[in-house]
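The structure appears right after this line, and notes come after that.
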Amino acid sequence: MMTIAVSCMMMLAVCVDAPAKVKKTVERGMTKEEVTAILGNPKLMSFDSFGDRWQYESQNILTGDIKHTNVMFDRSGRVVGLDTYIEELKRNNGNNSNCQHPAPQPVQPAPPVRPVPPAYNSGMHVGYSYCLDDASFSKFYNKVRNATFDNEKFDLIEVASLGCWYSCAQTARMMRLFTFDDDRMKVLRLMASRIVDPQNSADIYRLFDFESEKAKVGEILRGALK
């Protein structure tokens with residue numbers, strides 16, 4: 001059990017990007033940690049089925065204007081959108097120095113924006129940039145392949161799938177480690193909800209010869225998209 005626990009921790013480590021140098025501006029693809037290092041903790045946080053939204057406010061001490069910044073993340077915790085606008089404080093153009101500026105009116109939050117992950121081209125497949133890179137997936141794949149028992153292999157895949165995202169090609173490659181169709185289906189069930197390019201599911205369908213098995217694959221993939 002200790003060996004499995006250590007291996008599971010290693011799998012999770014594969015799925016965590018190495019910390020990058022802190023930048024001065026928020027950019028697409030940044031992690032939440034990188035955003036926090038630049039903007040600090042958000043004033044408000046919300047989420048929907050597409051990801052999280054962090055809201056920030058900062059006030060210009062000279063003009064009283066309030067800067068609103070909304071940072072949108074996808075479900076993997078990467079920045080996919082940035083919305084910034086200035087709420088100008090109403091000013092009195094008269095010369096009466098005793099006049100006070102009215103308090104700023106509350107601003108309704110912007111409607112949620114569905115993020116569109118940036119595309120990448122990897123050989124014959126077009127997917128998204130958030131699945132495991134080739135080097136990280138190879139480490140994951142070799143760890144599963146070298147496990148002694150099938151139960152250990154399944155445990156490693158289940159734990160890694162808490163934080164990793166896969167392409168269909170990577171999922172099919174992992175499924176090929178198992179001989180029997182039932183075991184391959186079990187692997188698919190563990191990884192299906194983390195697949196980022198379901199349009200390439202032909203890679204998975206090709207692993208099965210019978211129409212009844214292909215139908216099961218379709219049910220699993222459709223269920224994962226709900």
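We label chains A, B, ... in the order they appear in the structure tokens, count residues from 1 in each chain, and number ligands from 1 in the order shown.
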
**OP:** Pick out the residues sitting within 10 Å of stretch 58-60 of chain A, and hand them over as a list in words; count only C-alpha atoms, and ignore anything fewer than 3 positions along from it in its own chain.
**Re:** Lys43, Thr63, Gly64, Asp65, Ile66, Lys67, His68, Thr69, Ile86, Glu87 and Glu88 of chain A

Writing out the chosen residues with N, CA, C and O atoms as a PDB file, in the first residue's frame:
```pdb
ATOM      1  N   LYS A  43     -11.281  39.821  -5.002  1.00  0.00           N
ATOM      2  CA  LYS A  43     -12.327  40.315  -4.110  1.00  0.00           C
ATOM      3  C   LYS A  43     -13.532  39.401  -4.145  1.00  0.00           C
ATOM      4  O   LYS A  43     -14.169  39.139  -3.120  1.00  0.00           O
ATOM      5  N   THR A  63      -7.804  60.200  -8.370  1.00  0.00           N
ATOM      6  CA  THR A  63      -9.052  60.513  -9.073  1.00  0.00           C
ATOM      7  C   THR A  63     -10.271  59.841  -8.461  1.00  0.00           C
ATOM      8  O   THR A  63     -11.405  60.259  -8.709  1.00  0.00           O
ATOM      9  N   GLY A  64     -10.057  58.816  -7.679  1.00  0.00           N
ATOM     10  CA  GLY A  64     -11.181  58.073  -7.126  1.00  0.00           C
ATOM     11  C   GLY A  64     -11.752  57.041  -8.078  1.00  0.00           C
ATOM     12  O   GLY A  64     -12.677  56.300  -7.718  1.00  0.00           O
ATOM     13  N   ASP A  65     -11.243  56.992  -9.322  1.00  0.00           N
ATOM     14  CA  ASP A  65     -11.728  56.009 -10.286  1.00  0.00           C
ATOM     15  C   ASP A  65     -11.421  54.586  -9.804  1.00  0.00           C
ATOM     16  O   ASP A  65     -10.390  54.343  -9.169  1.00  0.00           O
ATOM     17  N   ILE A  66     -12.320  53.671 -10.129  1.00  0.00           N
ATOM     18  CA  ILE A  66     -12.170  52.279  -9.708  1.00  0.00           C
ATOM     19  C   ILE A  66     -11.904  51.421 -10.937  1.00  0.00           C
ATOM     20  O   ILE A  66     -12.644  51.480 -11.920  1.00  0.00           O
ATOM     21  N   LYS A  67     -10.853  50.646 -10.878  1.00  0.00           N
ATOM     22  CA  LYS A  67     -10.506  49.733 -11.963  1.00  0.00           C
ATOM     23  C   LYS A  67     -11.035  48.338 -11.618  1.00  0.00           C
ATOM     24  O   LYS A  67     -10.726  47.794 -10.565  1.00  0.00           O
ATOM     25  N   HIS A  68     -11.848  47.786 -12.507  1.00  0.00           N
ATOM     26  CA  HIS A  68     -12.404  46.442 -12.333  1.00  0.00           C
ATOM     27  C   HIS A  68     -11.691  45.490 -13.279  1.00  0.00           C
ATOM     28  O   HIS A  68     -11.550  45.778 -14.474  1.00  0.00           O
ATOM     29  N   THR A  69     -11.262  44.370 -12.768  1.00  0.00           N
ATOM     30  CA  THR A  69     -10.578  43.363 -13.576  1.00  0.00           C
ATOM     31  C   THR A  69     -11.231  42.009 -13.342  1.00  0.00           C
ATOM     32  O   THR A  69     -11.361  41.565 -12.198  1.00  0.00           O
ATOM     33  N   ILE A  86     -12.729  50.726 -16.469  1.00  0.00           N
ATOM     34  CA  ILE A  86     -12.591  51.766 -15.447  1.00  0.00           C
ATOM     35  C   ILE A  86     -13.971  52.333 -15.121  1.00  0.00           C
ATOM     36  O   ILE A  86     -14.726  52.724 -16.018  1.00  0.00           O
ATOM     37  N   GLU A  87     -14.300  52.373 -13.856  1.00  0.00           N
ATOM     38  CA  GLU A  87     -15.526  53.025 -13.391  1.00  0.00           C
ATOM     39  C   GLU A  87     -15.148  54.433 -12.923  1.00  0.00           C
ATOM     40  O   GLU A  87     -14.530  54.601 -11.874  1.00  0.00           O
ATOM     41  N   GLU A  88     -15.477  55.423 -13.752  1.00  0.00           N
ATOM     42  CA  GLU A  88     -15.086  56.784 -13.426  1.00  0.00           C
ATOM     43  C   GLU A  88     -16.021  57.386 -12.390  1.00  0.00           C
ATOM     44  O   GLU A  88     -17.240  57.254 -12.476  1.00  0.00           O
TER      45      GLU A  88
END
```

Would you write out, as a Markdown table, a table of all residues in stretch 145-172 of chain A that have an atom no more than 9 Å from an atom of stretch 176-183 of chain A, listing for each the closest atom pair and the distance in Å to one decimal, considering only C-alpha atoms and ordering rows by chain and rising residue number?
```
| residue | atom | partner | partner_atom | distance |
| --- | --- | --- | --- | --- |
| A:Arg145 | CA | A:Leu177 | CA | 6.8 |
| A:Asp150 | CA | A:Phe178 | CA | 8.5 |
| A:Thr171 | CA | A:Arg176 | CA | 8.8 |
| A:Ala172 | CA | A:Arg176 | CA | 6.3 |
```

Subject >> Distance of atom CA of A:Arg78 from atom CA of A:Leu190, expressed in Å to one decimal place >> reply: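 Atom CA of A:Arg78 lies 22.6 Å from atom CA of A:Leu190.
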
**OP:** Find the residue from A:Gly223, A:Lys186, A:Gln55, A:Ser136 that sits nearest to A:Ile157; use only C-alpha atoms when measuring.
**Re:**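 Smallest separation from A:Ile157 among the options: A:Lys186.
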
Please list as a compact mmCIF listing (two decimals) with C-alpha atoms, in the first residue's frame every residue within 6 Å of stretch 36-42 of chain A, counting only C-alpha atoms and excluding residues in the same chain fewer than 2 positions away.
```
# COMPACT_ATOMS: atom_id res chain seq x y z
CA GLU A 33 -0.99 30.71 -8.66
CA GLU A 34 0.64 32.96 -11.27
CA LEU A 44 -14.99 38.01 -5.51
CA TRP A 54 -12.06 36.03 -10.31
CA GLN A 55 -12.98 39.68 -9.81
CA TYR A 56 -10.59 42.41 -8.65
```

Considering only C-alpha atoms, return as a compact mmCIF listing (two decimals) with N, CA, C and O atoms, in the first residue's frame whatever protein or nucleic-acid residues lie within 10 Å of A:Phe137, sequence-local ones (same chain, fewer than 3 positions apart) excluded.
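New file part23.txt:
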```txt
# COMPACT_ATOMS: atom_id res chain seq x y z
N MET A 11 2.29 10.52 -9.57
CA MET A 11 1.43 10.77 -10.71
C MET A 11 0.82 12.16 -10.62
O MET A 11 0.70 12.87 -11.62
N VAL A 14 3.25 14.79 -11.65
CA VAL A 14 3.42 14.92 -13.11
C VAL A 14 2.44 15.94 -13.66
O VAL A 14 2.73 16.65 -14.63
N CYS A 15 1.26 16.05 -13.04
CA CYS A 15 0.20 16.89 -13.56
C CYS A 15 0.30 18.33 -13.10
O CYS A 15 -0.57 19.13 -13.40
N CYS A 131 -3.78 19.12 -22.33
CA CYS A 131 -3.54 17.72 -22.01
C CYS A 131 -2.06 17.54 -21.68
O CYS A 131 -1.24 18.44 -21.90
N LEU A 132 -1.70 16.40 -21.13
CA LEU A 132 -0.32 16.14 -20.77
C LEU A 132 0.60 16.25 -21.98
O LEU A 132 0.26 15.78 -23.06
N ASP A 133 1.75 16.87 -21.80
CA ASP A 133 2.73 16.88 -22.88
C ASP A 133 3.33 15.49 -23.02
O ASP A 133 3.15 14.62 -22.16
N ASP A 134 4.02 15.25 -24.11
CA ASP A 134 4.52 13.90 -24.41
C ASP A 134 5.44 13.36 -23.33
O ASP A 134 5.35 12.18 -22.95
N PHE A 140 3.98 8.93 -16.93
CA PHE A 140 2.74 8.35 -16.42
C PHE A 140 2.52 6.95 -17.01
O PHE A 140 2.25 5.98 -16.29
N TYR A 141 2.65 6.83 -18.31
CA TYR A 141 2.44 5.56 -19.01
C TYR A 141 3.40 4.49 -18.49
O TYR A 141 2.98 3.35 -18.21
N ASN A 142 4.67 4.81 -18.34
CA ASN A 142 5.66 3.83 -17.88
C ASN A 142 5.39 3.41 -16.44
O ASN A 142 5.61 2.25 -16.07
N LYS A 143 4.93 4.34 -15.62
CA LYS A 143 4.61 3.99 -14.23
C LYS A 143 3.47 2.98 -14.19
O LYS A 143 3.52 2.00 -13.43
N CYS A 164 -5.06 15.41 -14.21
CA CYS A 164 -4.52 15.40 -15.57
C CYS A 164 -5.62 15.44 -16.62
O CYS A 164 -6.74 15.01 -16.38
N TRP A 165 -5.25 15.95 -17.80
CA TRP A 165 -6.13 15.94 -18.96
C TRP A 165 -5.42 15.18 -20.08
O TRP A 165 -4.20 15.22 -20.18
N TYR A 166 -6.20 14.48 -20.92
CA TYR A 166 -5.61 13.59 -21.92
C TYR A 166 -6.18 13.87 -23.31
O TYR A 166 -7.30 14.38 -23.45
N GLN A 170 -3.69 9.56 -26.36
CA GLN A 170 -3.07 9.14 -25.10
C GLN A 170 -3.95 8.12 -24.39
O GLN A 170 -3.46 7.13 -23.84
N MET A 174 -3.00 4.17 -23.44
CA MET A 174 -3.09 3.59 -22.10
C MET A 174 -3.98 2.35 -22.12
O MET A 174 -3.68 1.34 -21.45
```
